[in-house]
Structures are given as C-alpha cells and as structure tokens.
Amino acid sequence: MNKVLLAAGLMTLMGTTAMAQQIGVSVARFDDNGLTVMRNGMTAHEATLDGVSLQMEDATDDVAKQLDQINNFIASGVDAIIVNAVDTNATEAMSNAAAAAGVPLVYVNRQPVNMATLPDGQAFVASNEIESGTLAAFQMCNQLRAEGKSGGARAYVLMGQLSNQAAVQRTKDFHDVIGMDMCNFITIIDEQTAEWSRDKASDLMTNWISSGEPFDAVFGNNDEMAIGAIQAMKAAGISMDDVVVGGVDATADALVAMAAGEMDVTVFQDLAGQGAGSIDTAIALINGEEVDKAVFIPFKLVTPETLADFQ
C-alpha cells in the first residue's frame, strides 16, 4: 500500500514538474529606472501564476552578452524567452536562434528591427511609440502657444541611444509634430543623444546652457533625460516657469518633478503592464495559442491637470 502511495506521489510530482514553464528573460540593463518598473511588473505577475518560473538576466547594455544569454537559455531547455533588446538592430540573430531551436520568443518594450518578418512563435509586446513622442510634442506645442510663444519658440531635444528604435521614433514624432502648421513656430536648436541617462543629459544640458543660446523648451526621449536637463537648468539659475519640459514614461521621479512644477509633460507608458503582458504572451505561445505579432498597450498623456490619476 505504501509503495502504491509512493508511486502515485512520484507520478504527481513528475506531472507537476512537466507542467512547470521556465521562461528566460534578458533585460538590456537592470540599472535603468523605467526597465526596473518593467522588471518589477514581471516578478509581481510571476507571483500570481502557478507553475511559471522566470530566469532573469542583466545584459548590461552589451549586445554580445545578450546573444550569449539567449543561446544559454536555449541550451538549458527553457520553454520560452523574453528579450528587452540592447540594440534593436541586432534582433534578427536572436530570432533566428530561437526559431531554429523551436523556442517561443517575445520581445518586450523595444521593437525589433525584423518586426515585419518575425518567425512563427514570436511576438512583440510594448506600446506604440508613434503615440509617445506625438502626445508629448503636441502638448508642448499647445502649452507654448498658450504662453504666447507662437511667434517663435526654440527647443532642445535629448535623444536616447540611437541604436534603439524608441529613441529614433520619439525623435521623429517630435519632428513630425513641429512640421504641422499649428506647431511649425518651434525650431530645434540642437538634438543629441544622452543615452537615456540622467547624468549624461545633465552634462549635455549644461553645455547647451553655456553656449548662451536662448531656448523655450526641452524634450527628452525619456523622463530620466528630462530630469537631468531640469537639474542642469536649476543649477544654472533658470526658472522652470520659463521653460516647457517634456519627457516619456511617467516614472515616479517624473511625477514628483511635475508636482514640484518642474516638468510640464510626460506620457505614461505602462511598463509594468508590458512586463506582465510579455509573460502572458510567452505562455500563450508555449501553449500553441494564436497570438498577434504586435500586442500594444496604450500610452496616456500626463499633465499637471491629470497628475493625480497617475500618482
């Protein structure tokens, strides 16, 4: 009788183990505030799921390291892989490796360069970047007009890493908006990359301020760079009432800056929702379900008037 019970217990245990779903996750960098929100969304969602285990790795902004992580995930026999790409131009090799091994692959937050040709069993979960920069730029345009600067306004643009599709798209969005008749009073003085970094943005903004060029607005491809610009302007004695500052992500620090009257515009990117959505998409692919190639989670405009909804 005891042997029968033991055998039954072992069979149950083996069945449970077989049902467990192992998902390897490679994140571009752990020390990015926005990506930390995304990672926290993943771990929080993992805790609500039975039989799902995440193995999360930091690619430390190194393309070669990220490719190694993906190959290691495949070799270790994971059921699916989630990738937040270091370089969105390097995703084709990742897709090919996963497809050859028959392992489902989900890109999250950063759009792969091979989006149009993703193999079966692969998908992309994020927010539509055309919305992000467009929402921020259009609101900044409206605010500059409301402040009586429709006769001419000058702006600086802080770009993210140029290897990243989001940085390219958000900058294009800004250009597209100021190309519209109602916003073409805005002129870009200069645009340079600060690589998503608050410190690098602060240094770049300090250099721009030292040039003596008058300016009315600063748009950062993300909140971290917008906050870095704010820090540099405050250090130079520039009143935040005189400059319209916009960013993207609606991070906790950005909302604090907005409450303090320092940031005027940001765009809520549901990074935690993207992280959770990438897990759900990976599980669906593991189970052989049909999944849209692109799963978009909407952006939402955040201004001082709507701030309370996001705090």
# chains A, B, ... in the order shown; residues from 1 in each chain; ligands from 1

call {"tool": "closest_atom_pairs", "arguments": {"of": "range 104-211 of chain A", "to": "range 75-97 of chain A", "cutoff": "12 Å", "atoms": "only C-alpha atoms", "output": "JSON lines"}}
result
{"residue": "A:Pro104", "atom": "CA", "partner": "A:Ala80", "partner_atom": "CA", "distance": 4.8}
{"residue": "A:Leu105", "atom": "CA", "partner": "A:Ile81", "partner_atom": "CA", "distance": 4.8}
{"residue": "A:Val106", "atom": "CA", "partner": "A:Ile82", "partner_atom": "CA", "distance": 4.7}
{"residue": "A:Tyr107", "atom": "CA", "partner": "A:Val83", "partner_atom": "CA", "distance": 4.8}
{"residue": "A:Val108", "atom": "CA", "partner": "A:Asn84", "partner_atom": "CA", "distance": 5.1}
{"residue": "A:Asn109", "atom": "CA", "partner": "A:Asn84", "partner_atom": "CA", "distance": 6.3}
{"residue": "A:Arg110", "atom": "CA", "partner": "A:Asn84", "partner_atom": "CA", "distance": 6.1}
{"residue": "A:Gln111", "atom": "CA", "partner": "A:Thr88", "partner_atom": "CA", "distance": 6.4}
{"residue": "A:Pro112", "atom": "CA", "partner": "A:Thr88", "partner_atom": "CA", "distance": 4.9}
{"residue": "A:Val113", "atom": "CA", "partner": "A:Asn89", "partner_atom": "CA", "distance": 5.1}
{"residue": "A:Asn114", "atom": "CA", "partner": "A:Glu92", "partner_atom": "CA", "distance": 5.9}
{"residue": "A:Met115", "atom": "CA", "partner": "A:Glu92", "partner_atom": "CA", "distance": 9.0}
{"residue": "A:Ala116", "atom": "CA", "partner": "A:Glu92", "partner_atom": "CA", "distance": 10.9}
{"residue": "A:Thr117", "atom": "CA", "partner": "A:Glu92", "partner_atom": "CA", "distance": 9.1}
{"residue": "A:Leu118", "atom": "CA", "partner": "A:Ser95", "partner_atom": "CA", "distance": 7.2}
{"residue": "A:Pro119", "atom": "CA", "partner": "A:Ser95", "partner_atom": "CA", "distance": 7.2}
{"residue": "A:Asp120", "atom": "CA", "partner": "A:Ser95", "partner_atom": "CA", "distance": 9.9}
{"residue": "A:Gly121", "atom": "CA", "partner": "A:Ala80", "partner_atom": "CA", "distance": 9.5}
{"residue": "A:Gln122", "atom": "CA", "partner": "A:Ser95", "partner_atom": "CA", "distance": 7.8}
{"residue": "A:Ala123", "atom": "CA", "partner": "A:Ile82", "partner_atom": "CA", "distance": 9.6}
{"residue": "A:Phe124", "atom": "CA", "partner": "A:Val83", "partner_atom": "CA", "distance": 9.4}
{"residue": "A:Val125", "atom": "CA", "partner": "A:Ile82", "partner_atom": "CA", "distance": 9.8}
{"residue": "A:Ala126", "atom": "CA", "partner": "A:Asn84", "partner_atom": "CA", "distance": 10.1}
{"residue": "A:Gly160", "atom": "CA", "partner": "A:Asp87", "partner_atom": "CA", "distance": 11.8}
{"residue": "A:Gln161", "atom": "CA", "partner": "A:Asp87", "partner_atom": "CA", "distance": 8.8}
{"residue": "A:Leu162", "atom": "CA", "partner": "A:Asp87", "partner_atom": "CA", "distance": 8.9}
{"residue": "A:Ser163", "atom": "CA", "partner": "A:Asp87", "partner_atom": "CA", "distance": 5.4}
{"residue": "A:Asn164", "atom": "CA", "partner": "A:Thr88", "partner_atom": "CA", "distance": 5.5}
{"residue": "A:Gln165", "atom": "CA", "partner": "A:Thr88", "partner_atom": "CA", "distance": 6.2}
{"residue": "A:Ala166", "atom": "CA", "partner": "A:Thr88", "partner_atom": "CA", "distance": 9.1}
{"residue": "A:Ala167", "atom": "CA", "partner": "A:Thr88", "partner_atom": "CA", "distance": 10.6}
{"residue": "A:Val168", "atom": "CA", "partner": "A:Thr88", "partner_atom": "CA", "distance": 10.8}
{"residue": "A:Glu195", "atom": "CA", "partner": "A:Val86", "partner_atom": "CA", "distance": 11.8}

call {"tool": "residues_around", "arguments": {"residues": "range 237-245 of chain A", "least_positions_apart": "6", "cutoff": "8 Å", "atoms": "only C-alpha atoms", "output": "PyMOL selection string"}}
result
chain A and resi 140+143-144+215-220+226+230+261-265

call {"tool": "select_by_dssp", "arguments": {"residues": "range 44-107 of chain A", "states": "alpha helix (DSSP H)", "output": "PDB file with N, CA and C atoms, in the first residue's frame"}}
result
ATOM      1  N   ALA A  44       6.121  40.617 -10.181  1.00  0.00           N
ATOM      2  CA  ALA A  44       4.827  40.671  -9.493  1.00  0.00           C
ATOM      3  C   ALA A  44       3.818  39.759 -10.194  1.00  0.00           C
ATOM      4  N   HIS A  45       3.851  39.743 -11.518  1.00  0.00           N
ATOM      5  CA  HIS A  45       2.914  38.896 -12.266  1.00  0.00           C
ATOM      6  C   HIS A  45       3.281  37.417 -12.104  1.00  0.00           C
ATOM      7  N   GLU A  46       4.586  37.139 -12.091  1.00  0.00           N
ATOM      8  CA  GLU A  46       5.049  35.757 -11.890  1.00  0.00           C
ATOM      9  C   GLU A  46       4.490  35.189 -10.588  1.00  0.00           C
ATOM     10  N   VAL A  63      25.517  43.879 -26.406  1.00  0.00           N
ATOM     11  CA  VAL A  63      24.820  43.061 -27.405  1.00  0.00           C
ATOM     12  C   VAL A  63      25.330  41.625 -27.400  1.00  0.00           C
ATOM     13  N   ALA A  64      26.647  41.455 -27.387  1.00  0.00           N
ATOM     14  CA  ALA A  64      27.236  40.115 -27.415  1.00  0.00           C
ATOM     15  C   ALA A  64      26.816  39.318 -26.186  1.00  0.00           C
ATOM     16  N   LYS A  65      26.792  39.976 -25.038  1.00  0.00           N
ATOM     17  CA  LYS A  65      26.389  39.305 -23.801  1.00  0.00           C
ATOM     18  C   LYS A  65      24.934  38.862 -23.887  1.00  0.00           C
ATOM     19  N   GLN A  66      24.095  39.707 -24.472  1.00  0.00           N
ATOM     20  CA  GLN A  66      22.686  39.355 -24.596  1.00  0.00           C
ATOM     21  C   GLN A  66      22.489  38.156 -25.529  1.00  0.00           C
ATOM     22  N   LEU A  67      23.225  38.127 -26.622  1.00  0.00           N
ATOM     23  CA  LEU A  67      23.154  36.978 -27.526  1.00  0.00           C
ATOM     24  C   LEU A  67      23.600  35.702 -26.824  1.00  0.00           C
ATOM     25  N   ASP A  68      24.637  35.810 -26.007  1.00  0.00           N
ATOM     26  CA  ASP A  68      25.087  34.653 -25.226  1.00  0.00           C
ATOM     27  C   ASP A  68      24.006  34.189 -24.255  1.00  0.00           C
ATOM     28  N   GLN A  69      23.335  35.138 -23.627  1.00  0.00           N
ATOM     29  CA  GLN A  69      22.273  34.786 -22.684  1.00  0.00           C
ATOM     30  C   GLN A  69      21.156  34.015 -23.395  1.00  0.00           C
ATOM     31  N   ILE A  70      20.786  34.479 -24.587  1.00  0.00           N
ATOM     32  CA  ILE A  70      19.727  33.811 -25.348  1.00  0.00           C
ATOM     33  C   ILE A  70      20.154  32.395 -25.731  1.00  0.00           C
ATOM     34  N   ASN A  71      21.384  32.247 -26.198  1.00  0.00           N
ATOM     35  CA  ASN A  71      21.893  30.914 -26.554  1.00  0.00           C
ATOM     36  C   ASN A  71      21.956  30.000 -25.332  1.00  0.00           C
ATOM     37  N   ASN A  72      22.308  30.572 -24.181  1.00  0.00           N
ATOM     38  CA  ASN A  72      22.349  29.782 -22.943  1.00  0.00           C
ATOM     39  C   ASN A  72      20.952  29.360 -22.510  1.00  0.00           C
ATOM     40  N   PHE A  73      19.978  30.259 -22.672  1.00  0.00           N
ATOM     41  CA  PHE A  73      18.595  29.899 -22.365  1.00  0.00           C
ATOM     42  C   PHE A  73      18.158  28.705 -23.219  1.00  0.00           C
ATOM     43  N   ILE A  74      18.480  28.784 -24.515  1.00  0.00           N
ATOM     44  CA  ILE A  74      18.102  27.711 -25.440  1.00  0.00           C
ATOM     45  C   ILE A  74      18.759  26.393 -25.024  1.00  0.00           C
ATOM     46  N   ALA A  75      20.059  26.473 -24.718  1.00  0.00           N
ATOM     47  CA  ALA A  75      20.804  25.267 -24.341  1.00  0.00           C
ATOM     48  C   ALA A  75      20.281  24.654 -23.046  1.00  0.00           C
ATOM     49  N   SER A  76      19.776  25.493 -22.149  1.00  0.00           N
ATOM     50  CA  SER A  76      19.288  24.987 -20.857  1.00  0.00           C
ATOM     51  C   SER A  76      17.870  24.434 -20.944  1.00  0.00           C
ATOM     52  N   THR A  91      18.345  42.215 -33.490  1.00  0.00           N
ATOM     53  CA  THR A  91      17.361  41.217 -33.079  1.00  0.00           C
ATOM     54  C   THR A  91      17.183  40.074 -34.072  1.00  0.00           C
ATOM     55  N   GLU A  92      17.594  40.254 -35.313  1.00  0.00           N
ATOM     56  CA  GLU A  92      17.391  39.199 -36.304  1.00  0.00           C
ATOM     57  C   GLU A  92      18.135  37.924 -35.913  1.00  0.00           C
ATOM     58  N   ALA A  93      19.362  38.075 -35.404  1.00  0.00           N
ATOM     59  CA  ALA A  93      20.144  36.912 -34.983  1.00  0.00           C
ATOM     60  C   ALA A  93      19.459  36.201 -33.821  1.00  0.00           C
ATOM     61  N   MET A  94      18.844  36.976 -32.916  1.00  0.00           N
ATOM     62  CA  MET A  94      18.133  36.382 -31.782  1.00  0.00           C
ATOM     63  C   MET A  94      16.930  35.571 -32.279  1.00  0.00           C
ATOM     64  N   SER A  95      16.176  36.171 -33.199  1.00  0.00           N
ATOM     65  CA  SER A  95      15.001  35.492 -33.748  1.00  0.00           C
ATOM     66  C   SER A  95      15.388  34.192 -34.443  1.00  0.00           C
ATOM     67  N   ASN A  96      16.463  34.262 -35.213  1.00  0.00           N
ATOM     68  CA  ASN A  96      16.901  33.080 -35.951  1.00  0.00           C
ATOM     69  C   ASN A  96      17.315  31.954 -35.016  1.00  0.00           C
ATOM     70  N   ALA A  97      18.028  32.303 -33.950  1.00  0.00           N
ATOM     71  CA  ALA A  97      18.489  31.296 -32.994  1.00  0.00           C
ATOM     72  C   ALA A  97      17.305  30.614 -32.300  1.00  0.00           C
ATOM     73  N   ALA A  98      16.339  31.427 -31.862  1.00  0.00           N
ATOM     74  CA  ALA A  98      15.176  30.867 -31.171  1.00  0.00           C
ATOM     75  C   ALA A  98      14.315  30.035 -32.123  1.00  0.00           C
ATOM     76  N   ALA A  99      14.126  30.538 -33.351  1.00  0.00           N
ATOM     77  CA  ALA A  99      13.308  29.814 -34.322  1.00  0.00           C
ATOM     78  C   ALA A  99      13.931  28.469 -34.677  1.00  0.00           C
ATOM     79  N   ALA A 100      15.258  28.455 -34.847  1.00  0.00           N
ATOM     80  CA  ALA A 100      15.950  27.209 -35.188  1.00  0.00           C
ATOM     81  C   ALA A 100      15.809  26.165 -34.080  1.00  0.00           C
ATOM     82  N   ALA A 101      15.724  26.651 -32.832  1.00  0.00           N
ATOM     83  CA  ALA A 101      15.601  25.745 -31.696  1.00  0.00           C
ATOM     84  C   ALA A 101      14.148  25.435 -31.352  1.00  0.00           C
TER      85      ALA A 101
END

call {"tool": "closest_atom_pairs", "arguments": {"of": "range 167-223 of chain A", "to": "range 27-42 of chain A", "cutoff": "9 Å", "atoms": "only C-alpha atoms", "output": "Markdown table"}}
result
| residue | atom | partner | partner_atom | distance |
| --- | --- | --- | --- | --- |
| A:Trp196 | CA | A:Asp32 | CA | 8.3 |
| A:Ser197 | CA | A:Asp32 | CA | 8.3 |
| A:Asn222 | CA | A:Gly34 | CA | 8.8 |
| A:Asp223 | CA | A:Gly34 | CA | 8.8 |

call {"tool": "write_last_selection", "arguments": {"atoms": "N, CA and C atoms", "output": "mmCIF file, in the first residue's frame"}}
result
data_model
loop_
_atom_site.group_PDB
_atom_site.id
_atom_site.type_symbol
_atom_site.label_atom_id
_atom_site.label_comp_id
_atom_site.auth_asym_id
_atom_site.auth_seq_id
_atom_site.Cartn_x
_atom_site.Cartn_y
_atom_site.Cartn_z
ATOM 1 N N TRP A 196 19.710 57.884 -22.747
ATOM 2 C CA TRP A 196 18.686 57.600 -21.736
ATOM 3 C C TRP A 196 19.135 57.986 -20.324
ATOM 4 N N SER A 197 20.319 58.566 -20.166
ATOM 5 C CA SER A 197 20.930 58.761 -18.848
ATOM 6 C C SER A 197 20.661 60.147 -18.264
ATOM 7 N N ASN A 222 13.077 60.318 -22.863
ATOM 8 C CA ASN A 222 12.546 59.665 -21.668
ATOM 9 C C ASN A 222 12.613 60.632 -20.488
ATOM 10 N N ASP A 223 11.974 60.260 -19.388
ATOM 11 C CA ASP A 223 11.912 61.137 -18.223
ATOM 12 C C ASP A 223 13.272 61.337 -17.567
#

call {"tool": "decode", "arguments": {"residues": "range 138-217 of chain A", "atoms": "C-alpha atoms", "output": "PDB file, in the first residue's frame"}}
result
ATOM      1  CA  PHE A 138       1.712  68.133 -29.310  1.00  0.00           C
ATOM      2  CA  GLN A 139       1.041  69.024 -25.668  1.00  0.00           C
ATOM      3  CA  MET A 140       4.296  71.003 -25.518  1.00  0.00           C
ATOM      4  CA  CYS A 141       3.248  72.842 -28.683  1.00  0.00           C
ATOM      5  CA  ASN A 142      -0.137  73.706 -27.154  1.00  0.00           C
ATOM      6  CA  GLN A 143       1.489  74.938 -23.956  1.00  0.00           C
ATOM      7  CA  LEU A 144       3.980  77.129 -25.811  1.00  0.00           C
ATOM      8  CA  ARG A 145       1.103  78.645 -27.802  1.00  0.00           C
ATOM      9  CA  ALA A 146      -0.856  79.233 -24.589  1.00  0.00           C
ATOM     10  CA  GLU A 147       2.189  81.027 -23.150  1.00  0.00           C
ATOM     11  CA  GLY A 148       2.173  83.432 -26.106  1.00  0.00           C
ATOM     12  CA  LYS A 149       5.204  81.980 -27.898  1.00  0.00           C
ATOM     13  CA  SER A 150       3.523  81.101 -31.199  1.00  0.00           C
ATOM     14  CA  GLY A 151       5.584  83.852 -32.820  1.00  0.00           C
ATOM     15  CA  GLY A 152       8.658  81.675 -32.408  1.00  0.00           C
ATOM     16  CA  ALA A 153       9.972  79.167 -29.868  1.00  0.00           C
ATOM     17  CA  ARG A 154      13.311  77.359 -29.685  1.00  0.00           C
ATOM     18  CA  ALA A 155      13.840  73.848 -28.355  1.00  0.00           C
ATOM     19  CA  TYR A 156      16.499  71.298 -27.489  1.00  0.00           C
ATOM     20  CA  VAL A 157      15.937  67.558 -27.949  1.00  0.00           C
ATOM     21  CA  LEU A 158      17.638  64.911 -25.800  1.00  0.00           C
ATOM     22  CA  MET A 159      17.710  61.599 -27.645  1.00  0.00           C
ATOM     23  CA  GLY A 160      18.051  58.092 -26.246  1.00  0.00           C
ATOM     24  CA  GLN A 161      20.501  55.535 -27.584  1.00  0.00           C
ATOM     25  CA  LEU A 162      20.481  55.812 -31.358  1.00  0.00           C
ATOM     26  CA  SER A 163      20.601  52.018 -31.678  1.00  0.00           C
ATOM     27  CA  ASN A 164      17.174  51.941 -30.060  1.00  0.00           C
ATOM     28  CA  GLN A 165      14.001  52.102 -32.141  1.00  0.00           C
ATOM     29  CA  ALA A 166      12.117  54.018 -29.423  1.00  0.00           C
ATOM     30  CA  ALA A 167      14.691  56.823 -29.450  1.00  0.00           C
ATOM     31  CA  VAL A 168      14.546  57.117 -33.223  1.00  0.00           C
ATOM     32  CA  GLN A 169      10.736  57.058 -33.295  1.00  0.00           C
ATOM     33  CA  ARG A 170      10.213  59.522 -30.432  1.00  0.00           C
ATOM     34  CA  THR A 171      12.592  61.996 -32.045  1.00  0.00           C
ATOM     35  CA  LYS A 172      10.804  61.561 -35.384  1.00  0.00           C
ATOM     36  CA  ASP A 173       7.482  62.123 -33.617  1.00  0.00           C
ATOM     37  CA  PHE A 174       8.741  65.477 -32.320  1.00  0.00           C
ATOM     38  CA  HIS A 175       9.909  66.488 -35.795  1.00  0.00           C
ATOM     39  CA  ASP A 176       6.591  65.422 -37.310  1.00  0.00           C
ATOM     40  CA  VAL A 177       4.584  67.485 -34.818  1.00  0.00           C
ATOM     41  CA  ILE A 178       6.617  70.663 -35.300  1.00  0.00           C
ATOM     42  CA  GLY A 179       6.201  70.152 -39.036  1.00  0.00           C
ATOM     43  CA  MET A 180       2.453  70.700 -38.615  1.00  0.00           C
ATOM     44  CA  ASP A 181       1.090  74.150 -39.456  1.00  0.00           C
ATOM     45  CA  MET A 182      -0.054  74.872 -35.902  1.00  0.00           C
ATOM     46  CA  CYS A 183       3.311  73.876 -34.395  1.00  0.00           C
ATOM     47  CA  ASN A 184       5.835  74.995 -37.022  1.00  0.00           C
ATOM     48  CA  PHE A 185       6.711  78.027 -34.920  1.00  0.00           C
ATOM     49  CA  ILE A 186       9.027  75.707 -32.938  1.00  0.00           C
ATOM     50  CA  THR A 187      12.650  75.480 -34.089  1.00  0.00           C
ATOM     51  CA  ILE A 188      15.069  72.830 -32.860  1.00  0.00           C
ATOM     52  CA  ILE A 189      18.371  74.424 -31.854  1.00  0.00           C
ATOM     53  CA  ASP A 190      20.187  71.125 -31.389  1.00  0.00           C
ATOM     54  CA  GLU A 191      19.498  67.453 -30.709  1.00  0.00           C
ATOM     55  CA  GLN A 192      21.999  64.982 -29.313  1.00  0.00           C
ATOM     56  CA  THR A 193      21.957  61.633 -27.589  1.00  0.00           C
ATOM     57  CA  ALA A 194      22.296  61.399 -23.825  1.00  0.00           C
ATOM     58  CA  GLU A 195      21.793  57.617 -23.994  1.00  0.00           C
ATOM     59  CA  TRP A 196      18.686  57.600 -21.736  1.00  0.00           C
ATOM     60  CA  SER A 197      20.930  58.761 -18.848  1.00  0.00           C
ATOM     61  CA  ARG A 198      20.050  61.452 -16.289  1.00  0.00           C
ATOM     62  CA  ASP A 199      23.718  62.288 -15.644  1.00  0.00           C
ATOM     63  CA  LYS A 200      24.634  62.475 -19.336  1.00  0.00           C
ATOM     64  CA  ALA A 201      21.589  64.633 -20.017  1.00  0.00           C
ATOM     65  CA  SER A 202      22.579  66.988 -17.212  1.00  0.00           C
ATOM     66  CA  ASP A 203      26.081  67.338 -18.680  1.00  0.00           C
ATOM     67  CA  LEU A 204      24.720  67.907 -22.185  1.00  0.00           C
ATOM     68  CA  MET A 205      22.196  70.472 -20.973  1.00  0.00           C
ATOM     69  CA  THR A 206      24.951  72.289 -19.071  1.00  0.00           C
ATOM     70  CA  ASN A 207      26.938  72.548 -22.298  1.00  0.00           C
ATOM     71  CA  TRP A 208      23.934  73.874 -24.170  1.00  0.00           C
ATOM     72  CA  ILE A 209      23.249  76.469 -21.467  1.00  0.00           C
ATOM     73  CA  SER A 210      26.890  77.596 -21.568  1.00  0.00           C
ATOM     74  CA  SER A 211      26.515  78.378 -25.291  1.00  0.00           C
ATOM     75  CA  GLY A 212      24.238  81.260 -24.355  1.00  0.00           C
ATOM     76  CA  GLU A 213      21.526  80.326 -26.871  1.00  0.00           C
ATOM     77  CA  PRO A 214      18.061  81.359 -25.665  1.00  0.00           C
ATOM     78  CA  PHE A 215      15.571  78.468 -25.541  1.00  0.00           C
ATOM     79  CA  ASP A 216      11.953  77.861 -24.570  1.00  0.00           C
ATOM     80  CA  ALA A 217      11.544  74.086 -24.422  1.00  0.00           C
TER      81      ALA A 217
END
